[in-house]
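Next comes final_27.pdb, a file with PDB, C-alpha atoms, pLDDT in the B column.
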```pdb
ATOM      1  CA  ALA A  27      65.735 -43.678  21.414  1.00 85.00           C
ATOM      2  CA  LYS A  28      66.664 -43.030  17.812  1.00 92.00           C
ATOM      3  CA  ILE A  29      67.170 -39.385  16.983  1.00 94.00           C
ATOM      4  CA  LYS A  30      67.221 -37.224  13.862  1.00 96.00           C
ATOM      5  CA  ILE A  31      69.185 -33.976  13.618  1.00 97.00           C
ATOM      6  CA  GLY A  32      67.690 -31.064  11.656  1.00 98.00           C
ATOM      7  CA  GLY A  33      69.604 -27.953  10.645  1.00 98.00           C
ATOM      8  CA  TYR A  34      67.871 -24.651   9.846  1.00 98.00           C
ATOM      9  CA  THR A  35      68.813 -21.187   8.558  1.00 97.00           C
ATOM     10  CA  SER A  36      67.248 -17.792   8.145  1.00 96.00           C
ATOM     11  CA  ALA A  37      65.861 -16.772   4.747  1.00 94.00           C
ATOM     12  CA  GLU A  38      68.694 -14.305   4.272  1.00 93.00           C
ATOM     13  CA  GLY A  39      70.835 -15.081   1.222  1.00 92.00           C
ATOM     14  CA  ASN A  40      70.804 -17.750  -1.457  1.00 96.00           C
ATOM     15  CA  ALA A  41      68.471 -20.735  -0.951  1.00 96.00           C
ATOM     16  CA  ASP A  42      71.025 -23.311  -2.144  1.00 97.00           C
ATOM     17  CA  ALA A  43      73.720 -21.867   0.112  1.00 97.00           C
ATOM     18  CA  ASN A  44      71.292 -21.882   3.052  1.00 97.00           C
ATOM     19  CA  LYS A  45      70.427 -25.528   2.397  1.00 97.00           C
ATOM     20  CA  ALA A  46      74.132 -26.427   2.339  1.00 98.00           C
ATOM     21  CA  LEU A  47      74.816 -24.412   5.511  1.00 97.00           C
ATOM     22  CA  SER A  48      71.952 -26.034   7.376  1.00 98.00           C
ATOM     23  CA  GLN A  49      73.227 -29.480   6.316  1.00 98.00           C
ATOM     24  CA  LYS A  50      76.705 -28.593   7.621  1.00 98.00           C
ATOM     25  CA  ARG A  51      75.175 -27.572  10.962  1.00 97.00           C
ATOM     26  CA  ALA A  52      73.236 -30.820  11.254  1.00 98.00           C
ATOM     27  CA  ASP A  53      76.249 -32.915  10.201  1.00 98.00           C
ATOM     28  CA  LYS A  54      78.433 -31.185  12.814  1.00 97.00           C
ATOM     29  CA  VAL A  55      75.991 -31.956  15.618  1.00 97.00           C
ATOM     30  CA  LEU A  56      75.717 -35.565  14.439  1.00 96.00           C
ATOM     31  CA  ALA A  57      79.521 -35.886  14.395  1.00 96.00           C
ATOM     32  CA  ASP A  58      79.771 -34.330  17.864  1.00 96.00           C
ATOM     33  CA  LEU A  59      77.205 -36.771  19.252  1.00 96.00           C
ATOM     34  CA  LYS A  60      79.144 -39.692  17.770  1.00 95.00           C
ATOM     35  CA  ALA A  61      82.373 -38.304  19.228  1.00 96.00           C
ATOM     36  CA  LYS A  62      80.695 -38.110  22.650  1.00 96.00           C
ATOM     37  CA  GLY A  63      79.953 -41.833  22.435  1.00 95.00           C
ATOM     38  CA  ILE A  64      76.325 -41.906  21.309  1.00 94.00           C
ATOM     39  CA  ALA A  65      75.806 -45.295  19.638  1.00 92.00           C
ATOM     40  CA  ALA A  66      75.351 -45.222  15.863  1.00 89.00           C
ATOM     41  CA  GLU A  67      72.104 -47.206  16.126  1.00 89.00           C
ATOM     42  CA  GLN A  68      70.647 -44.316  18.120  1.00 93.00           C
ATOM     43  CA  LEU A  69      71.377 -41.771  15.387  1.00 94.00           C
ATOM     44  CA  ASP A  70      68.975 -41.735  12.452  1.00 91.00           C
ATOM     45  CA  LYS A  71      70.370 -39.027  10.164  1.00 94.00           C
ATOM     46  CA  ALA A  72      71.231 -35.374   9.789  1.00 97.00           C
ATOM     47  CA  GLU A  73      69.165 -33.279   7.419  1.00 97.00           C
ATOM     48  CA  GLY A  74      69.500 -29.661   6.368  1.00 98.00           C
ATOM     49  CA  TYR A  75      66.262 -27.829   5.718  1.00 97.00           C
ATOM     50  CA  GLY A  76      67.668 -24.415   4.818  1.00 97.00           C
ATOM     51  CA  SER A  77      65.110 -21.654   5.307  1.00 95.00           C
ATOM     52  CA  GLN A  78      62.166 -23.920   4.436  1.00 94.00           C
ATOM     53  CA  PHE A  79      60.683 -23.506   7.924  1.00 94.00           C
ATOM     54  CA  ALA A  80      61.824 -19.936   8.655  1.00 93.00           C
ATOM     55  CA  LYS A  81      59.583 -18.126  11.141  1.00 94.00           C
ATOM     56  CA  CYS A  82      61.058 -14.639  10.918  1.00 94.00           C
ATOM     57  CA  ASP A  83      58.663 -12.396   9.004  1.00 92.00           C
ATOM     58  CA  GLU A  84      60.970  -9.645   7.803  1.00 89.00           C
ATOM     59  CA  SER A  85      58.013  -7.681   6.444  1.00 89.00           C
ATOM     60  CA  LYS A  86      57.076  -6.952  10.077  1.00 93.00           C
ATOM     61  CA  VAL A  87      60.545  -5.698  11.016  1.00 93.00           C
ATOM     62  CA  ASN A  88      61.763  -2.141  10.514  1.00 92.00           C
ATOM     63  CA  LYS A  89      64.570  -2.630   7.963  1.00 86.00           C
ATOM     64  CA  THR A  90      66.458   0.369   9.324  1.00 93.00           C
ATOM     65  CA  ASP A  91      66.645  -1.305  12.754  1.00 95.00           C
ATOM     66  CA  LYS A  92      69.576  -3.645  12.086  1.00 95.00           C
ATOM     67  CA  LYS A  93      69.491  -5.132  15.601  1.00 96.00           C
ATOM     68  CA  ALA A  94      65.816  -6.048  15.329  1.00 95.00           C
ATOM     69  CA  LEU A  95      66.308  -7.505  11.860  1.00 95.00           C
ATOM     70  CA  GLU A  96      69.278  -9.599  13.010  1.00 95.00           C
ATOM     71  CA  ALA A  97      67.379 -10.761  16.104  1.00 96.00           C
ATOM     72  CA  CYS A  98      64.488 -11.868  13.915  1.00 96.00           C
ATOM     73  CA  ARG A  99      66.782 -13.766  11.540  1.00 96.00           C
ATOM     74  CA  ALA A 100      68.675 -15.343  14.447  1.00 96.00           C
ATOM     75  CA  THR A 101      65.512 -17.136  15.568  1.00 96.00           C
ATOM     76  CA  ASP A 102      65.728 -19.247  12.397  1.00 97.00           C
ATOM     77  CA  ARG A 103      69.365 -20.312  12.807  1.00 97.00           C
ATOM     78  CA  TYR A 104      69.348 -23.458  14.897  1.00 97.00           C
ATOM     79  CA  VAL A 105      69.722 -27.220  15.062  1.00 97.00           C
ATOM     80  CA  ALA A 106      66.942 -29.418  16.434  1.00 97.00           C
ATOM     81  CA  ILE A 107      67.129 -32.942  17.783  1.00 96.00           C
ATOM     82  CA  LYS A 108      63.987 -35.009  17.306  1.00 95.00           C
ATOM     83  CA  VAL A 109      63.209 -38.445  18.713  1.00 94.00           C
ATOM     84  CA  VAL A 110      61.918 -40.477  15.763  1.00 91.00           C
ATOM     85  CA  GLU A 111      61.772 -43.905  17.325  1.00 87.00           C
ATOM     86  CA  PHE A 112      62.007 -45.541  20.722  1.00 87.00           C
ATOM     87  CA  LEU A 113      64.279 -48.562  20.738  1.00 72.00           C
ATOM     88  CA  LYS A 114      63.357 -51.694  22.634  1.00 75.00           C
ATOM     89  CA  LYS A 115      65.886 -53.223  24.978  1.00 68.00           C
TER      90      LYS A 115
END
```
Can you dump the structure from the file as structure tokens?
Amino acid sequence: AKIKIGGYTSAEGNADANKALSQKRADKVLADLKAKGIAAEQLDKAEGYGSQFAKCDESKVNKTDKKALEACRATDRYVAIKVVEFLKK
């Protein structure tokens, strides 16, 4: 299979900084997969999406509840691996 790595961030902070951070996350996972011996032809690319797909709706979180706010934001900080193509043997 050929895979694509996507990095994501919460909407907290500057959009450009979030985009750069999400790209760093995706690049790190891609580098780790290469270091573990995953063949280059199986790795499509790493892409940072920033907060473009953030799911945390901060308007529904009590801003005085710092734990709840952080938990909401944490749901948007992740890296996803997506199969984009199946390779033939």
Q. Which residues, written as a list in words, have at least one atom at most 9 Å from Leu56 of chain A, with all atoms listed in the file counted and residues fewer than 2 positions away on the same chain left out?
A.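 Here the answer would be Lys30, Ile31, Arg51, Ala52, Asp53, Lys54, Asp58, Leu59, Lys60, Ala61, Leu69, Lys71 and Ala72 of chain A.
Distance cut-off 12 Å, centre (63.8, -46.9, 16.8), atoms counted all atoms listed in the file; the residues meeting this are A:Ala27, A:Lys28, A:Ile29, A:Lys30, A:Ala66, A:Glu67, A:Gln68, A:Leu69, A:Asp70, A:Lys108, A:Val109, A:Val110, A:Glu111, A:Phe112, A:Leu113, A:Lys114, A:Lys115.
We find atom CA of Gly76 of chain A and atom CA of Lys62 of chain A to be spaced 26.0 Å apart.
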Using only C-alpha atoms, determine which residues lie at most 12 Å from Asp42 of chain A, disregarding the query and same-chain residues fewer than 4 positions distant; provide the list as a list in words.
-> Thr35, Ala37, Glu38, Ala46, Leu47, Ser48, Gln49, Gly74, Tyr75, Gly76, Ser77 and Gln78 of chain A
Serialized selection, C-alpha atoms, as a compact mmCIF listing (two decimals), keeping the file's coordinate frame:
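To be explicit, this is the file written out as part-v9.txt:
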```
# COMPACT_ATOMS: atom_id res chain seq x y z
CA THR A 35 68.81 -21.19 8.56
CA ALA A 37 65.86 -16.77 4.75
CA GLU A 38 68.69 -14.30 4.27
CA ALA A 46 74.13 -26.43 2.34
CA LEU A 47 74.82 -24.41 5.51
CA SER A 48 71.95 -26.03 7.38
CA GLN A 49 73.23 -29.48 6.32
CA GLY A 74 69.50 -29.66 6.37
CA TYR A 75 66.26 -27.83 5.72
CA GLY A 76 67.67 -24.42 4.82
CA SER A 77 65.11 -21.65 5.31
CA GLN A 78 62.17 -23.92 4.44
```
Using all atoms listed in the file, the best pick from A:Arg99, A:Lys86, A:Lys93, A:Lys50 as closest to Glu73 of chain A would be A:Lys50
Q. Separation of atom CA of Thr101 of chain A and atom CA of Ala80 of chain A, in Å?
A.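 Taking atom CA of Thr101 of chain A as the start and atom CA of Ala80 of chain A as the end point, the length is 8.3 Å.
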Report task. Let me know the residues the PyMOL selection byres ((chain A and resi 106) around 8) catches in the file above, as a count of residues only. Result -> 7
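The two atoms in question, atom CA of Asn44 of chain A and atom CA of Ala100 of chain A, are spaced 13.4 Å apart.
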Please provide the set of residues having any atom within 12 Å of Val87 of chain A, restricted to all atoms listed in the file, with same-chain residues fewer than 4 positions apart removed, written as an mmCIF file with C-alpha atoms, in the coordinates of the input.
```cif
data_model
loop_
_atom_site.group_PDB
_atom_site.id
_atom_site.type_symbol
_atom_site.label_atom_id
_atom_site.label_comp_id
_atom_site.auth_asym_id
_atom_site.auth_seq_id
_atom_site.Cartn_x
_atom_site.Cartn_y
_atom_site.Cartn_z
ATOM 1 C CA CYS A 82 61.058 -14.639 10.918
ATOM 2 C CA ASP A 83 58.663 -12.396 9.004
ATOM 3 C CA ASP A 91 66.645 -1.305 12.754
ATOM 4 C CA LYS A 92 69.576 -3.645 12.086
ATOM 5 C CA LYS A 93 69.491 -5.132 15.601
ATOM 6 C CA ALA A 94 65.816 -6.048 15.329
ATOM 7 C CA LEU A 95 66.308 -7.505 11.860
ATOM 8 C CA GLU A 96 69.278 -9.599 13.010
ATOM 9 C CA ALA A 97 67.379 -10.761 16.104
ATOM 10 C CA CYS A 98 64.488 -11.868 13.915
ATOM 11 C CA ARG A 99 66.782 -13.766 11.540
#
```
Edge lengths and centre in Å, axis-aligned, segment 86-98 of chain A plus 4 Å each side, as AutoDock Vina command-line options:
```
--center_x 63.3 --center_y -5.7 --center_z 12.0 --size_x 20.5 --size_y 20.2 --size_z 16.1
```
Q.
I need the residue nearest Asp102 of chain A from this list: A:Ala41, A:Thr90, A:Ser85, A:Phe79. Use only C-alpha atoms for the distance.
A.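 Among the listed residues, the smallest separation from Asp102 of chain A belongs to A:Phe79.
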